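Peer 1: Handing you a structure now.
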Amino acid sequence: MERSSGILLHITSLPGKYGIGTMGKEAYDFVDFLIASGQKIWQILPLGHTGFGNSPYQCFSAFAGNPLLINFDKLVDDGLLHENDIPKQEFNEKKVDFGKVINFTYPLLRKAYDSFHRNNSKVLKRKFQTFCSKNYKWLEDYAFFMALKDHNNGKPWHQWDYKLKTRDDETLNNMKKELENEISYYKFIQFLFFKQWLELKAYANINDIKIFGDLPIYVAFDSADAWSNPELYEFDENMNPIKVSGVPPDYFSETGQLWNNPLYDWEYLKKTGFQWWLDRIEANFTVFDIVRIDHFRGLAAYWAVPYGEKTAVKGEWVPAPGKELLKAIFDTFGNVPIVAEDLGVITPDVIELREEFNLPGMKILQFAFDSGEENNFLPHTYTQNCIVYTGTHDNDTVLGRYKESTESEKQMMRNYFNIDESDVCLSFLKLAWSSVANVAIAPLQDLLRLDTEARMNFPGKASGYWEWRFKKEMLTKEHTSELYEITKLYARL
């Protein structure tokens, strides 16, 4: 990747009147801010249909988009809603109240669907049919899965009736007929999502802004992927995982992190030529320009914990065929821009895998000053082929982290880069942008000098996160010109 820079901000964090960031005017305004400030990259989190806990890393599908991001003003423009259809409702501008947003959103999407059926627009209906045909591989299973979830009062699929859970052919055929309208409804929602997203992405791309997206390595247990393709995962005869994902105990947690995602049956995937993964990569490069593989180390070896354990302590490292998978990806799609999220417990096999395919890894400045010892997050250790971050969505903000730093850590910062303690965020931005790393990225929170209350996520904590939003007036012309000047100074324009 060329020398450039960008901002990390998930769509949900955008301002707007519907309780959550959407793909409406505010998203286009943010692209305009990136253009004006000399940025080339907008990094976001996964766009998937989030489930319990609202984490974009635990979705109902590895392919479907999040219906909560659909913008209603655009549906009015498309003639699918009338302005009077949208009730007046007050929302929290500082954080997403997901329950309130869900209750507001889905009745409106249902109205748009009903309107679509009454609508005589042959053009829109032809576009919908084209979308369904083009995305048949995943869309049929996803829409059927969501309709069945509704039919089962939202219960996870492994708690459904045995014949549904185990995909008995006759039962599935009967349910498809019974739920035909609901299945069509969920397909339509995805049509709306991808229509709006690809229009927004096109606007960014036309203005030389690349969308940098994230691909979670695992799928959620309660997902269309796990239910419709159980052969891809290590399940027992009762459709329960044999082992699940996580990371072992470390400096941050003495019991590790138990994620509970089902693990892949890599032997089966190899026999298919990794076809499901290839389909997933193709889908991701339709919606993103650059793709980060989250938990990249799981492609070298993954931590497998027996299903039912309460912590991740009793796991073991199991080798994964990452080399064969990556070779299949690059043989199929050419030299596509993939980034390795190489944070955490990184062993020589992970580094070897990343370097064999010349993938850029990640450097986090917040990790550079947590000891007086040499570490590879200090900028003088970087090569060009990496991405430097002031912090990520999993970290505290720079200001929040600085306030928690020890005196010895602060002294190291003073010694290393003469930090301006009256504006630590600007100092970290300049340090990132001045490095040799080809790409420098900062969460918007750091440009805005926000404290811990603006933290997006805290790994290992199941609730209370993913909610942060910024208010429109917070991002000023001064921020735009400041970022432009830094970007120009360090030759990232």
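As shown in the structure tokens, the chain order sets the letters A, B, ...; within each chain, residues go from 1, and ligands are also counted from 1 in the order they appear.
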As a PyMOL selection string, please: every residue in segment 101-307 of chain A that DSSP puts in alpha helix (DSSP H).
Peer 2: chain A and resi 101-118+122-134+136-151+162-165+169-178+180-206+224-228+266-271+275-287
Peer 1: When you look at segment 6-11 of chain A with a cut-off of 7 Å (counting only C-alpha atoms), what residues show up, excluding the ones that are within fewer than 6 positions of it in the same chain? I need them as a ChimeraX atom specification.
Peer 2: /A:21-22,39-45,440-444
Peer 1: Keeping only N, CA and C atoms, write the selected residues to a file as an mmCIF file, in the first residue's frame.
Peer 2:
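So the final result, stored in again14.cif, reads:
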data_model
loop_
_atom_site.group_PDB
_atom_site.id
_atom_site.type_symbol
_atom_site.label_atom_id
_atom_site.label_comp_id
_atom_site.auth_asym_id
_atom_site.auth_seq_id
_atom_site.Cartn_x
_atom_site.Cartn_y
_atom_site.Cartn_z
ATOM 1 N N GLY A 21 -25.707 5.427 13.728
ATOM 2 C CA GLY A 21 -25.152 5.864 12.451
ATOM 3 C C GLY A 21 -25.675 4.998 11.324
ATOM 4 N N THR A 22 -25.983 5.621 10.190
ATOM 5 C CA THR A 22 -26.525 4.895 9.044
ATOM 6 C C THR A 22 -25.778 5.284 7.774
ATOM 7 N N GLN A 39 -7.134 12.537 3.751
ATOM 8 C CA GLN A 39 -7.058 11.109 4.050
ATOM 9 C C GLN A 39 -7.370 10.265 2.818
ATOM 10 N N LYS A 40 -6.898 9.022 2.848
ATOM 11 C CA LYS A 40 -7.133 8.093 1.741
ATOM 12 C C LYS A 40 -7.899 6.843 2.170
ATOM 13 N N ILE A 41 -8.070 6.680 3.504
ATOM 14 C CA ILE A 41 -8.652 5.438 4.001
ATOM 15 C C ILE A 41 -9.715 5.718 5.055
ATOM 16 N N TRP A 42 -10.850 5.027 4.917
ATOM 17 C CA TRP A 42 -11.864 4.995 5.976
ATOM 18 C C TRP A 42 -11.926 3.556 6.461
ATOM 19 N N GLN A 43 -11.446 3.319 7.672
ATOM 20 C CA GLN A 43 -11.503 1.981 8.234
ATOM 21 C C GLN A 43 -12.741 1.824 9.098
ATOM 22 N N ILE A 44 -13.428 0.687 8.895
ATOM 23 C CA ILE A 44 -14.642 0.396 9.650
ATOM 24 C C ILE A 44 -14.539 -1.003 10.252
ATOM 25 N N LEU A 45 -15.506 -1.368 11.066
ATOM 26 C CA LEU A 45 -15.596 -2.703 11.649
ATOM 27 C C LEU A 45 -16.472 -3.574 10.735
ATOM 28 N N ALA A 440 -0.908 5.043 8.231
ATOM 29 C CA ALA A 440 -1.137 5.476 9.612
ATOM 30 C C ALA A 440 -2.628 5.716 9.801
ATOM 31 N N ILE A 441 -3.173 5.194 10.899
ATOM 32 C CA ILE A 441 -4.614 5.310 11.153
ATOM 33 C C ILE A 441 -4.851 5.652 12.611
ATOM 34 N N ALA A 442 -5.827 6.523 12.842
ATOM 35 C CA ALA A 442 -6.232 6.867 14.208
ATOM 36 C C ALA A 442 -7.744 6.747 14.323
ATOM 37 N N PRO A 443 -8.245 6.210 15.429
ATOM 38 C CA PRO A 443 -9.687 6.290 15.679
ATOM 39 C C PRO A 443 -10.099 7.755 15.763
ATOM 40 N N LEU A 444 -11.303 8.074 15.305
ATOM 41 C CA LEU A 444 -11.772 9.459 15.359
ATOM 42 C C LEU A 444 -11.716 9.995 16.790
#
Peer 1: Report as a ChimeraX atom specification all protein, DNA and RNA residues lying within 12 Å of Glu199 of chain A, evaluated on only C-alpha atoms, omitting residues in the same chain fewer than 6 positions from it.
Peer 2: /A:23-25,27-28,74,192-193,205-206,287
Peer 1: What is the atom CA of Ser37 of chain A to atom CA of Lys17 of chain A distance in Å?
Peer 2: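 Answer for the atom CA of Ser37 of chain A to atom CA of Lys17 of chain A separation: 25.1 Å.
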Peer 1: Please list as a list in words every residue within 9 Å of Ser228 of chain A, counting only C-alpha atoms and excluding residues in the same chain fewer than 5 positions away.
Peer 2: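 The neighbour list is Asp141, Tyr142, Phe145, Arg167 and Ser223 of chain A.
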Peer 1: Could you save those same residues with N, CA, C and O atoms as a tab-separated table (two decimals), in the first residue's frame?
Peer 2:
chain	number	residue	atom	x	y	z
A	141	ASP	N	-29.98	-19.16	2.36
A	141	ASP	CA	-29.80	-19.74	3.70
A	141	ASP	C	-30.01	-18.68	4.78
A	141	ASP	O	-30.64	-18.95	5.81
A	142	TYR	N	-29.46	-17.49	4.57
A	142	TYR	CA	-29.58	-16.42	5.56
A	142	TYR	C	-31.05	-16.04	5.78
A	142	TYR	O	-31.52	-15.94	6.92
A	145	PHE	N	-32.95	-18.78	7.50
A	145	PHE	CA	-32.52	-18.84	8.89
A	145	PHE	C	-33.18	-17.74	9.73
A	145	PHE	O	-33.69	-18.01	10.82
A	167	ARG	N	-31.82	-30.21	10.07
A	167	ARG	CA	-32.08	-29.94	8.66
A	167	ARG	C	-32.73	-31.13	7.94
A	167	ARG	O	-32.30	-31.53	6.85
A	223	SER	N	-25.62	-18.73	13.89
A	223	SER	CA	-25.53	-18.04	12.60
A	223	SER	C	-26.08	-18.92	11.49
A	223	SER	O	-26.14	-20.15	11.61
Peer 1: For a quick check of understanding, using only C-alpha atoms, which of A:Pro87, A:Gly334, A:Pro248, A:Gly65 has the smallest distance to Tyr302 of chain A?
Peer 2: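 Closest to Tyr302 of chain A, using only C-alpha atoms: A:Pro248.
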Peer 1: My list of candidates is A:Trp276, A:Tyr307, A:Phe194, A:Tyr18. Which is closest to Phe288 of chain A when distances are computed with only C-alpha atoms?
Peer 2: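 Of A:Trp276, A:Tyr307, A:Phe194, A:Tyr18, the one nearest Phe288 of chain A, counting only C-alpha atoms, is A:Phe194.
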Peer 1: Rounded to one decimal, what separation in Å do you get between atom CA of Glu309 of chain A and atom CA of Trp266 of chain A?
Peer 2: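 Rounded to one decimal, the two atoms are 22.3 Å apart.
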Peer 1: Taking only C-alpha atoms into account, name the residue in A:Phe458, A:Phe367, A:Phe191, A:Trp433 that is nearest to Leu343 of chain A.
Peer 2: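 When distances to Leu343 of chain A are compared using only C-alpha atoms, the smallest one comes from A:Phe367.
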Peer 1: Would you mind telling me which residue in A:Asn335, A:Thr130, A:Thr311, A:Thr286 lies nearest to Gly256 of chain A when using only C-alpha atoms?
Peer 2: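 Of all the options, A:Thr311 lies closest to Gly256 of chain A.
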Peer 1: Choose the residue, out of A:Tyr382, A:Phe33, A:Phe91, A:Phe296, that has the smallest atom-to-atom separation from Glu482 of chain A; count only C-alpha atoms.
Peer 2: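 The answer is A:Phe33, which sits nearest to Glu482 of chain A.
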